[in-house]
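> My structure is stored as structure-v7.pdb, with PDB, C-alpha atoms and all ligand atoms.
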ATOM      1  CA  MET A 267       3.580   7.738  29.718  1.00  0.00           C
ATOM      2  CA  ASP A 268       5.980   8.389  26.865  1.00  0.00           C
ATOM      3  CA  LYS A 269       6.344   5.780  24.220  1.00  0.00           C
ATOM      4  CA  GLU A 270       9.502   3.783  24.591  1.00  0.00           C
ATOM      5  CA  ILE A 271      11.083   3.544  21.161  1.00  0.00           C
ATOM      6  CA  VAL A 272      13.857   1.046  20.656  1.00  0.00           C
ATOM      7  CA  ALA A 273      16.265   0.002  17.935  1.00  0.00           C
ATOM      8  CA  PRO A 274      17.163  -3.561  16.985  1.00  0.00           C
ATOM      9  CA  GLY A 275      19.458  -5.033  19.664  1.00  0.00           C
ATOM     10  CA  ASP A 276      18.316  -2.708  22.455  1.00  0.00           C
ATOM     11  CA  VAL A 277      17.780  -4.402  25.813  1.00  0.00           C
ATOM     12  CA  ILE A 278      14.148  -4.039  26.881  1.00  0.00           C
ATOM     13  CA  GLY A 279      14.115  -6.373  29.862  1.00  0.00           C
ATOM     14  CA  VAL A 280      15.478  -9.554  31.345  1.00  0.00           C
ATOM     15  CA  ALA A 281      14.141 -13.064  31.061  1.00  0.00           C
ATOM     16  CA  GLU A 282      13.322 -13.161  34.778  1.00  0.00           C
ATOM     17  CA  GLU A 283      10.877 -10.292  34.355  1.00  0.00           C
ATOM     18  CA  TYR A 284       9.239 -10.931  31.032  1.00  0.00           C
ATOM     19  CA  LEU A 285       8.582 -13.542  28.421  1.00  0.00           C
ATOM     20  CA  PRO A 286       9.706 -12.568  24.925  1.00  0.00           C
ATOM     21  CA  GLY A 287       6.758 -11.572  22.748  1.00  0.00           C
ATOM     22  CA  GLU A 288       6.639 -10.506  19.129  1.00  0.00           C
ATOM     23  CA  ASN A 289       9.893  -9.114  17.699  1.00  0.00           C
ATOM     24  CA  VAL A 290      11.812  -9.868  20.897  1.00  0.00           C
ATOM     25  CA  GLU A 291      14.590 -12.396  21.343  1.00  0.00           C
ATOM     26  CA  VAL A 292      16.448 -13.689  24.396  1.00  0.00           C
ATOM     27  CA  ASP A 293      20.217 -13.457  24.160  1.00  0.00           C
ATOM     28  CA  THR A 294      22.685 -15.829  25.803  1.00  0.00           C
ATOM     29  CA  ASP A 295      22.847 -13.632  28.934  1.00  0.00           C
ATOM     30  CA  GLY A 296      19.102 -13.829  29.442  1.00  0.00           C
ATOM     31  CA  LYS A 297      18.526 -10.284  28.237  1.00  0.00           C
ATOM     32  CA  LEU A 298      15.507  -9.532  26.104  1.00  0.00           C
ATOM     33  CA  ARG A 299      16.444  -7.606  22.990  1.00  0.00           C
ATOM     34  CA  ALA A 300      14.337  -5.865  20.360  1.00  0.00           C
ATOM     35  CA  GLN A 301      14.600  -7.399  16.900  1.00  0.00           C
ATOM     36  CA  VAL A 302      13.103  -4.440  15.059  1.00  0.00           C
ATOM     37  CA  MET A 303      12.836  -0.694  15.477  1.00  0.00           C
ATOM     38  CA  GLY A 304       9.583   0.026  17.207  1.00  0.00           C
ATOM     39  CA  ILE A 305       7.564   0.803  20.296  1.00  0.00           C
ATOM     40  CA  VAL A 306       7.885  -1.357  23.407  1.00  0.00           C
ATOM     41  CA  VAL A 307       4.636  -2.913  24.577  1.00  0.00           C
ATOM     42  CA  ARG A 308       4.730  -4.406  28.076  1.00  0.00           C
ATOM     43  CA  ASN A 309       1.899  -6.651  29.108  1.00  0.00           C
ATOM     44  CA  GLU A 310       2.293  -6.567  32.895  1.00  0.00           C
ATOM     45  CA  ARG A 311      -0.497  -9.051  33.522  1.00  0.00           C
ATOM     46  CA  ASP A 312       0.992 -11.824  31.395  1.00  0.00           C
ATOM     47  CA  HIS A 313       4.584 -10.626  31.814  1.00  0.00           C
ATOM     48  CA  VAL A 314       5.152 -10.472  28.099  1.00  0.00           C
ATOM     49  CA  VAL A 315       7.167  -7.762  26.397  1.00  0.00           C
ATOM     50  CA  SER A 316       6.948  -7.186  22.663  1.00  0.00           C
ATOM     51  CA  VAL A 317       7.920  -4.569  20.113  1.00  0.00           C
ATOM     52  CA  LYS A 318       5.410  -3.061  17.719  1.00  0.00           C
ATOM     53  CA  PRO A 319       7.356  -2.205  14.553  1.00  0.00           C
ATOM     54  CA  LEU A 320       7.590   1.432  13.549  1.00  0.00           C
ATOM     55  CA  ARG A 321       7.056   2.196   9.929  1.00  0.00           C
ATOM     56  CA  SER A 322       9.185   4.680   8.141  1.00  0.00           C
ATOM     57  CA  SER A 323       8.374   6.098   4.744  1.00  0.00           C
ATOM     58  CA  ASN A 324      10.902   3.869   3.036  1.00  0.00           C
ATOM     59  CA  SER A 325       9.945   0.708   4.843  1.00  0.00           C
ATOM     60  CA  LEU A 326       8.770  -2.218   2.803  1.00  0.00           C
ATOM     61  CA  LEU A 327       5.129  -2.659   2.048  1.00  0.00           C
ATOM     62  CA  ARG A 328       3.002  -5.307   3.631  1.00  0.00           C
ATOM     63  CA  VAL A 329       0.231  -7.573   2.442  1.00  0.00           C
ATOM     64  CA  ASN A 330      -3.097  -5.686   2.468  1.00  0.00           C
ATOM     65  CA  ASP A 331      -1.479  -2.249   2.364  1.00  0.00           C
ATOM     66  CA  VAL A 332      -3.435   0.149   0.178  1.00  0.00           C
ATOM     67  CA  VAL A 333      -1.053   1.904  -2.199  1.00  0.00           C
ATOM     68  CA  TYR A 334      -1.164   4.612  -4.844  1.00  0.00           C
ATOM     69  CA  GLY A 335       0.794   4.188  -8.024  1.00  0.00           C
ATOM     70  CA  ARG A 336       1.198   5.436 -11.562  1.00  0.00           C
ATOM     71  CA  VAL A 337       0.601   3.059 -14.448  1.00  0.00           C
ATOM     72  CA  ILE A 338       3.821   3.013 -16.441  1.00  0.00           C
ATOM     73  CA  ALA A 339       3.331   0.133 -18.878  1.00  0.00           C
ATOM     74  CA  ILE A 340       0.748  -2.412 -20.003  1.00  0.00           C
ATOM     75  CA  PRO A 341       2.690  -5.139 -21.834  1.00  0.00           C
ATOM     76  CA  ASN A 342       0.472  -7.152 -24.214  1.00  0.00           C
ATOM     77  CA  ASP A 343      -2.548  -5.259 -22.859  1.00  0.00           C
ATOM     78  CA  ARG A 344      -2.722  -7.794 -20.034  1.00  0.00           C
ATOM     79  CA  VAL A 345      -0.230  -7.146 -17.262  1.00  0.00           C
ATOM     80  CA  VAL A 346      -0.116  -3.705 -15.668  1.00  0.00           C
ATOM     81  CA  ILE A 347       3.193  -2.336 -14.390  1.00  0.00           C
ATOM     82  CA  VAL A 348       2.848   0.306 -11.708  1.00  0.00           C
ATOM     83  CA  LYS A 349       5.318   2.622 -10.028  1.00  0.00           C
ATOM     84  CA  ILE A 350       4.111   2.730  -6.436  1.00  0.00           C
ATOM     85  CA  ILE A 351       4.372   6.297  -5.140  1.00  0.00           C
ATOM     86  CA  GLY A 352       2.513   6.261  -1.854  1.00  0.00           C
ATOM     87  CA  VAL A 353       0.877   4.165   0.801  1.00  0.00           C
ATOM     88  CA  GLU A 354      -2.191   4.740   2.908  1.00  0.00           C
ATOM     89  CA  ASN A 355      -1.243   5.099   6.550  1.00  0.00           C
ATOM     90  CA  ASN A 356      -3.715   5.753   9.385  1.00  0.00           C
ATOM     91  CA  GLY A 357      -6.192   7.219   6.942  1.00  0.00           C
ATOM     92  CA  GLY A 358      -3.614   9.556   5.385  1.00  0.00           C
ATOM     93  CA  LYS A 359      -1.299   9.168   2.452  1.00  0.00           C
ATOM     94  CA  MET A 360       2.424   8.794   2.861  1.00  0.00           C
ATOM     95  CA  ALA A 361       4.868   9.185  -0.023  1.00  0.00           C
ATOM     96  CA  LEU A 362       7.409   6.448  -0.623  1.00  0.00           C
ATOM     97  CA  LYS A 363      11.008   7.599  -0.886  1.00  0.00           C
ATOM     98  CA  ASP A 364      12.229   4.798  -3.041  1.00  0.00           C
ATOM     99  CA  ASP A 365      10.930   3.510  -6.325  1.00  0.00           C
ATOM    100  CA  VAL A 366       8.842   0.446  -5.749  1.00  0.00           C
ATOM    101  CA  THR A 367       7.371  -1.566  -8.584  1.00  0.00           C
ATOM    102  CA  GLY A 368       3.974  -3.207  -8.515  1.00  0.00           C
ATOM    103  CA  ILE A 369       2.465  -5.649 -10.980  1.00  0.00           C
ATOM    104  CA  ILE A 370      -1.223  -6.306 -11.543  1.00  0.00           C
ATOM    105  CA  PRO A 371      -1.764  -9.694 -13.208  1.00  0.00           C
ATOM    106  CA  PRO A 372      -4.834 -10.096 -15.478  1.00  0.00           C
ATOM    107  CA  SER A 373      -6.677 -12.111 -12.817  1.00  0.00           C
ATOM    108  CA  GLN A 374      -6.529  -9.176 -10.392  1.00  0.00           C
ATOM    109  CA  LEU A 375      -7.962  -6.530 -12.703  1.00  0.00           C
ATOM    110  CA  LEU A 376     -11.691  -7.145 -12.273  1.00  0.00           C
ATOM    111  CA  ASN A 377     -13.865  -9.495 -10.282  1.00  0.00           C
ATOM    112  CA  GLY A 378     -14.014 -12.747 -12.175  1.00  0.00           C
ATOM    113  CA  LYS A 379     -13.898 -11.060 -15.564  1.00  0.00           C
ATOM    114  CA  SER A 380     -10.987 -11.193 -17.902  1.00  0.00           C
ATOM    115  CA  SER A 381     -10.658  -8.069 -19.938  1.00  0.00           C
ATOM    116  CA  ASN A 382      -7.957  -6.149 -21.675  1.00  0.00           C
ATOM    117  CA  ALA A 383      -6.171  -3.936 -19.199  1.00  0.00           C
ATOM    118  CA  SER A 384      -6.545  -0.900 -21.453  1.00  0.00           C
ATOM    119  CA  GLU A 385     -10.339  -1.161 -21.143  1.00  0.00           C
ATOM    120  CA  ILE A 386     -10.151  -0.245 -17.460  1.00  0.00           C
ATOM    121  CA  LEU A 387      -7.062   1.950 -17.100  1.00  0.00           C
ATOM    122  CA  GLY A 388      -4.474   3.806 -19.113  1.00  0.00           C
ATOM    123  CA  ILE A 389      -0.787   4.627 -19.000  1.00  0.00           C
ATOM    124  CA  GLY A 390      -0.160   7.605 -16.732  1.00  0.00           C
ATOM    125  CA  ASP A 391      -3.271   6.985 -14.614  1.00  0.00           C
ATOM    126  CA  ILE A 392      -2.851   6.999 -10.854  1.00  0.00           C
ATOM    127  CA  ILE A 393      -4.535   4.055  -9.225  1.00  0.00           C
ATOM    128  CA  ARG A 394      -5.480   2.979  -5.737  1.00  0.00           C
ATOM    129  CA  ALA A 395      -4.590  -0.710  -5.318  1.00  0.00           C
ATOM    130  CA  ARG A 396      -3.998  -3.283  -2.627  1.00  0.00           C
ATOM    131  CA  VAL A 397      -0.790  -5.253  -2.026  1.00  0.00           C
ATOM    132  CA  ILE A 398      -1.295  -9.029  -2.105  1.00  0.00           C
ATOM    133  CA  SER A 399       2.277 -10.332  -2.129  1.00  0.00           C
ATOM    134  CA  ARG A 400       4.915 -10.283   0.539  1.00  0.00           C
ATOM    135  CA  ASP A 401       7.978  -9.211  -1.433  1.00  0.00           C
ATOM    136  CA  PRO A 402       8.872  -6.787  -4.244  1.00  0.00           C
ATOM    137  CA  PRO A 403       8.029  -6.535  -7.059  1.00  0.00           C
ATOM    138  CA  TYR A 404       4.672  -6.382  -5.322  1.00  0.00           C
ATOM    139  CA  THR A 405       1.639  -8.062  -6.777  1.00  0.00           C
ATOM    140  CA  LEU A 406      -1.311  -5.685  -6.614  1.00  0.00           C
ATOM    141  CA  THR A 407      -5.036  -6.191  -6.953  1.00  0.00           C
ATOM    142  CA  LEU A 408      -7.827  -3.913  -8.164  1.00  0.00           C
ATOM    143  CA  ARG A 409     -10.522  -6.463  -7.293  1.00  0.00           C
ATOM    144  CA  ASP A 410     -12.540  -4.281  -4.966  1.00  0.00           C
ATOM    145  CA  ALA A 411     -14.953  -1.435  -5.671  1.00  0.00           C
ATOM    146  CA  GLN A 412     -12.809   0.865  -3.566  1.00  0.00           C
ATOM    147  CA  LEU A 413      -9.789   0.185  -5.761  1.00  0.00           C
ATOM    148  CA  GLY A 414      -9.176   1.663  -9.177  1.00  0.00           C
ATOM    149  CA  VAL A 415      -8.254   4.866 -10.949  1.00  0.00           C
ATOM    150  CA  VAL A 416      -8.124   8.009  -8.776  1.00  0.00           C
ATOM    151  CA  TYR A 417      -6.573  10.395 -11.308  1.00  0.00           C
ATOM    152  CA  ALA A 418      -6.244  10.358 -15.069  1.00  0.00           C
ATOM    153  CA  ARG A 419      -5.410  12.675 -17.923  1.00  0.00           C
ATOM    154  CA  CYS A 420      -7.046  12.889 -21.317  1.00  0.00           C
ATOM    155  CA  PRO A 421      -5.369  10.538 -23.825  1.00  0.00           C
ATOM    156  CA  ARG A 422      -6.231  13.049 -26.566  1.00  0.00           C
ATOM    157  CA  CYS A 423      -5.219  16.442 -25.171  1.00  0.00           C
ATOM    158  CA  GLY A 424      -3.586  15.773 -21.792  1.00  0.00           C
ATOM    159  CA  HIS A 425      -6.085  17.767 -19.711  1.00  0.00           C
ATOM    160  CA  GLU A 426      -7.170  16.351 -16.349  1.00  0.00           C
ATOM    161  CA  LEU A 427     -10.222  14.155 -16.696  1.00  0.00           C
ATOM    162  CA  LYS A 428     -13.301  14.694 -14.565  1.00  0.00           C
ATOM    163  CA  LEU A 429     -15.577  12.018 -13.181  1.00  0.00           C
ATOM    164  CA  LYS A 430     -18.695  11.574 -15.313  1.00  0.00           C
ATOM    165  CA  GLY A 431     -20.074   8.602 -13.395  1.00  0.00           C
ATOM    166  CA  ASN A 432     -20.472   4.864 -14.029  1.00  0.00           C
ATOM    167  CA  ASP A 433     -16.772   4.328 -14.628  1.00  0.00           C
ATOM    168  CA  LEU A 434     -16.666   7.089 -17.208  1.00  0.00           C
ATOM    169  CA  LEU A 435     -14.296  10.039 -17.195  1.00  0.00           C
ATOM    170  CA  GLN A 436     -14.727  13.093 -19.362  1.00  0.00           C
ATOM    171  CA  CYS A 437     -12.295  15.717 -20.581  1.00  0.00           C
ATOM    172  CA  PRO A 438     -13.605  19.219 -19.911  1.00  0.00           C
ATOM    173  CA  ASN A 439     -11.275  20.559 -22.571  1.00  0.00           C
ATOM    174  CA  CYS A 440     -11.907  18.425 -25.665  1.00  0.00           C
ATOM    175  CA  GLY A 441     -14.972  16.468 -24.601  1.00  0.00           C
ATOM    176  CA  ALA A 442     -13.407  13.018 -24.931  1.00  0.00           C
ATOM    177  CA  VAL A 443     -15.040  10.330 -22.780  1.00  0.00           C
ATOM    178  CA  VAL A 444     -12.975   7.380 -21.615  1.00  0.00           C
ATOM    179  CA  ARG A 445     -13.895   4.280 -19.656  1.00  0.00           C
ATOM    180  CA  ARG A 446     -11.946   3.480 -16.503  1.00  0.00           C
ATOM    181  CA  LYS A 447     -12.395   1.320 -13.443  1.00  0.00           C
ATOM    182  CA  VAL A 448     -12.682   4.258 -11.071  1.00  0.00           C
ATOM    183  CA  SER A 449     -12.234   3.836  -7.316  1.00  0.00           C
ATOM    184  CA  LEU A 450     -15.660   4.155  -5.714  1.00  0.00           C
ATOM    185  CA  ILE A 451     -14.374   6.084  -2.710  1.00  0.00           C
ATOM    186  CA  GLU A 452     -12.068   8.666  -4.171  1.00  0.00           C
ATOM    187  CA  TYR A 453     -11.346  10.560  -7.332  1.00  0.00           C
ATOM    188  CA  TRP A 454      -8.959  13.475  -7.068  1.00  0.00           C
ATOM    189  CA  ILE A 455     -10.369  15.979  -9.568  1.00  0.00           C
TER     190      ILE A 455
HETATM  191 ZN    ZN B   1      -9.075  16.156 -23.810  1.00  0.00          ZN
END
Show me the file's structure as structure tokens.
Ligand SMILES: [Zn+2]

Amino acid sequence: MDKEIVAPGDVIGVAEEYLPGENVEVDTDGKLRAQVMGIVVRNERDHVVSVKPLRSSNSLLRVNDVVYGRVIAIPNDRVVIVKIIGVENNGGKMALKDDVTGIIPPSQLLNGKSSNASEILGIGDIIRARVISRDPPYTLTLRDAQLGVVYARCPRCGHELKLKGNDLLQCPNCGAVVRRKVSLIEYWI
């Protein structure tokens, strides 16, 4: 059966047939209306109809989303400001259309350790992080082995850095070695 996609306000049933589930409201005429754009889910056994929200590439992020972002500033070497550029979606990566800002507070940089932000990442690095706040600017965390730097360039010559292991990256061009908190599950070069 084809998926039934509805927009906010669309009638998806009447109160005599179904109980309103998630993202469904009953209007004054007893009609059940979708509150969000999404896919209709009818539970015939319990007579509940709900709408599973559809995500578009410019939709807002949610708590626990894994995002990719570029480090754009590290004020006072403590807080990390990130421009979020993509979000993980069903195992793939989806680009975000709009600029979304993320902030990593010092407490979310490393497990239980306080360190200077520049010891674990650098400006221009692309990081894999997790969203832990509900609204923008999003608070992000790196407190997981799977989170961290996925791409970085040499601070000395600008060449792409290669993974050397144990949170070390090396420049194949000039030989510089820099320390980063590298994501354990992916590094792009
Ligand atoms: Zn270099």
> Quick one: residues within 12 Å of ligand ZN 1 (chain B), with all atoms listed in the file, as a ChimeraX atom specification?
/A:418-428,435-444
> Taking into account only C-alpha atoms, which residue in the set A:Pro402, A:Gly414, A:Pro341, A:Gly388 is nearest to Gln374 of chain A?
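Using only C-alpha atoms, the shortest distance to Gln374 of chain A belongs to A:Gly414.
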> Which polymer residues have any atom within 12 Å of an atom of segment 288-297 of chain A, counting all atoms listed in the file, with same-chain residues fewer than 5 positions away left out, as a list of chain:residue names?
A:Val272, A:Ala273, A:Pro274, A:Gly275, A:Asp276, A:Val277, A:Ile278, A:Gly279, A:Val280, A:Ala281, A:Glu282, A:Glu283, A:Val302, A:Met303, A:Gly304, A:Ile305, A:Val306, A:Val307, A:Arg308, A:Asn309, A:Val314, A:Val315, A:Ser316, A:Val317, A:Lys318, A:Pro319, A:Leu320
> Would you mind exporting the chosen residues as an mmCIF file, in the coordinates of the input, restricted to C-alpha atoms?

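So the final result, stored in again_37.cif, reads:
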data_model
loop_
_atom_site.group_PDB
_atom_site.id
_atom_site.type_symbol
_atom_site.label_atom_id
_atom_site.label_comp_id
_atom_site.auth_asym_id
_atom_site.auth_seq_id
_atom_site.Cartn_x
_atom_site.Cartn_y
_atom_site.Cartn_z
ATOM 1 C CA VAL A 272 13.857 1.046 20.656
ATOM 2 C CA ALA A 273 16.265 0.002 17.935
ATOM 3 C CA PRO A 274 17.163 -3.561 16.985
ATOM 4 C CA GLY A 275 19.458 -5.033 19.664
ATOM 5 C CA ASP A 276 18.316 -2.708 22.455
ATOM 6 C CA VAL A 277 17.780 -4.402 25.813
ATOM 7 C CA ILE A 278 14.148 -4.039 26.881
ATOM 8 C CA GLY A 279 14.115 -6.373 29.862
ATOM 9 C CA VAL A 280 15.478 -9.554 31.345
ATOM 10 C CA ALA A 281 14.141 -13.064 31.061
ATOM 11 C CA GLU A 282 13.322 -13.161 34.778
ATOM 12 C CA GLU A 283 10.877 -10.292 34.355
ATOM 13 C CA VAL A 302 13.103 -4.440 15.059
ATOM 14 C CA MET A 303 12.836 -0.694 15.477
ATOM 15 C CA GLY A 304 9.583 0.026 17.207
ATOM 16 C CA ILE A 305 7.564 0.803 20.296
ATOM 17 C CA VAL A 306 7.885 -1.357 23.407
ATOM 18 C CA VAL A 307 4.636 -2.913 24.577
ATOM 19 C CA ARG A 308 4.730 -4.406 28.076
ATOM 20 C CA ASN A 309 1.899 -6.651 29.108
ATOM 21 C CA VAL A 314 5.152 -10.472 28.099
ATOM 22 C CA VAL A 315 7.167 -7.762 26.397
ATOM 23 C CA SER A 316 6.948 -7.186 22.663
ATOM 24 C CA VAL A 317 7.920 -4.569 20.113
ATOM 25 C CA LYS A 318 5.410 -3.061 17.719
ATOM 26 C CA PRO A 319 7.356 -2.205 14.553
ATOM 27 C CA LEU A 320 7.590 1.432 13.549
#
> Step by step, work through what the PyMOL selection byres (((chain A and resi 365) around 8) and not hetatm) selects in the shown file, and finish by giving those residues as a PDB file with C-alpha atoms, in the coordinates of the input.

ATOM      1  CA  LYS A 349       5.318   2.622 -10.028  1.00  0.00           C
ATOM      2  CA  ILE A 350       4.111   2.730  -6.436  1.00  0.00           C
ATOM      3  CA  ILE A 351       4.372   6.297  -5.140  1.00  0.00           C
ATOM      4  CA  LEU A 362       7.409   6.448  -0.623  1.00  0.00           C
ATOM      5  CA  LYS A 363      11.008   7.599  -0.886  1.00  0.00           C
ATOM      6  CA  ASP A 364      12.229   4.798  -3.041  1.00  0.00           C
ATOM      7  CA  VAL A 366       8.842   0.446  -5.749  1.00  0.00           C
ATOM      8  CA  THR A 367       7.371  -1.566  -8.584  1.00  0.00           C
TER       9      THR A 367
END
> Skipping near chain neighbours, those fewer than 3 positions away, what residues fall within 9 Å of Arg409 of chain A using only C-alpha atoms, listed as a list of chain:residue names?
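Contacts, in chain order: A:Ser373, A:Gln374, A:Leu375, A:Leu376, A:Asn377, A:Gly378, A:Ala395, A:Arg396, A:Gln412, A:Leu413, A:Gly414.
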> Pick out the closest residue to Pro371 of chain A from this set: A:Ile393, A:Ile451, A:Leu387, A:Ile347. Count all atoms listed in the file.
A:Ile347
> Please, what is the axis-aligned box for every listed atom of segment 355-366 of chain A with 8 Å on each side, as centre and edge lengths in Å to one decimal, as AutoDock Vina command-line options?

--center_x 3.0 --center_y 5.0 --center_z 1.5 --size_x 34.4 --size_y 25.1 --size_z 31.7
> Hey, can you check how far atom CA of Ile338 of chain A sits from atom CA of Ile389 of chain A?
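The value is 5.5 Å.
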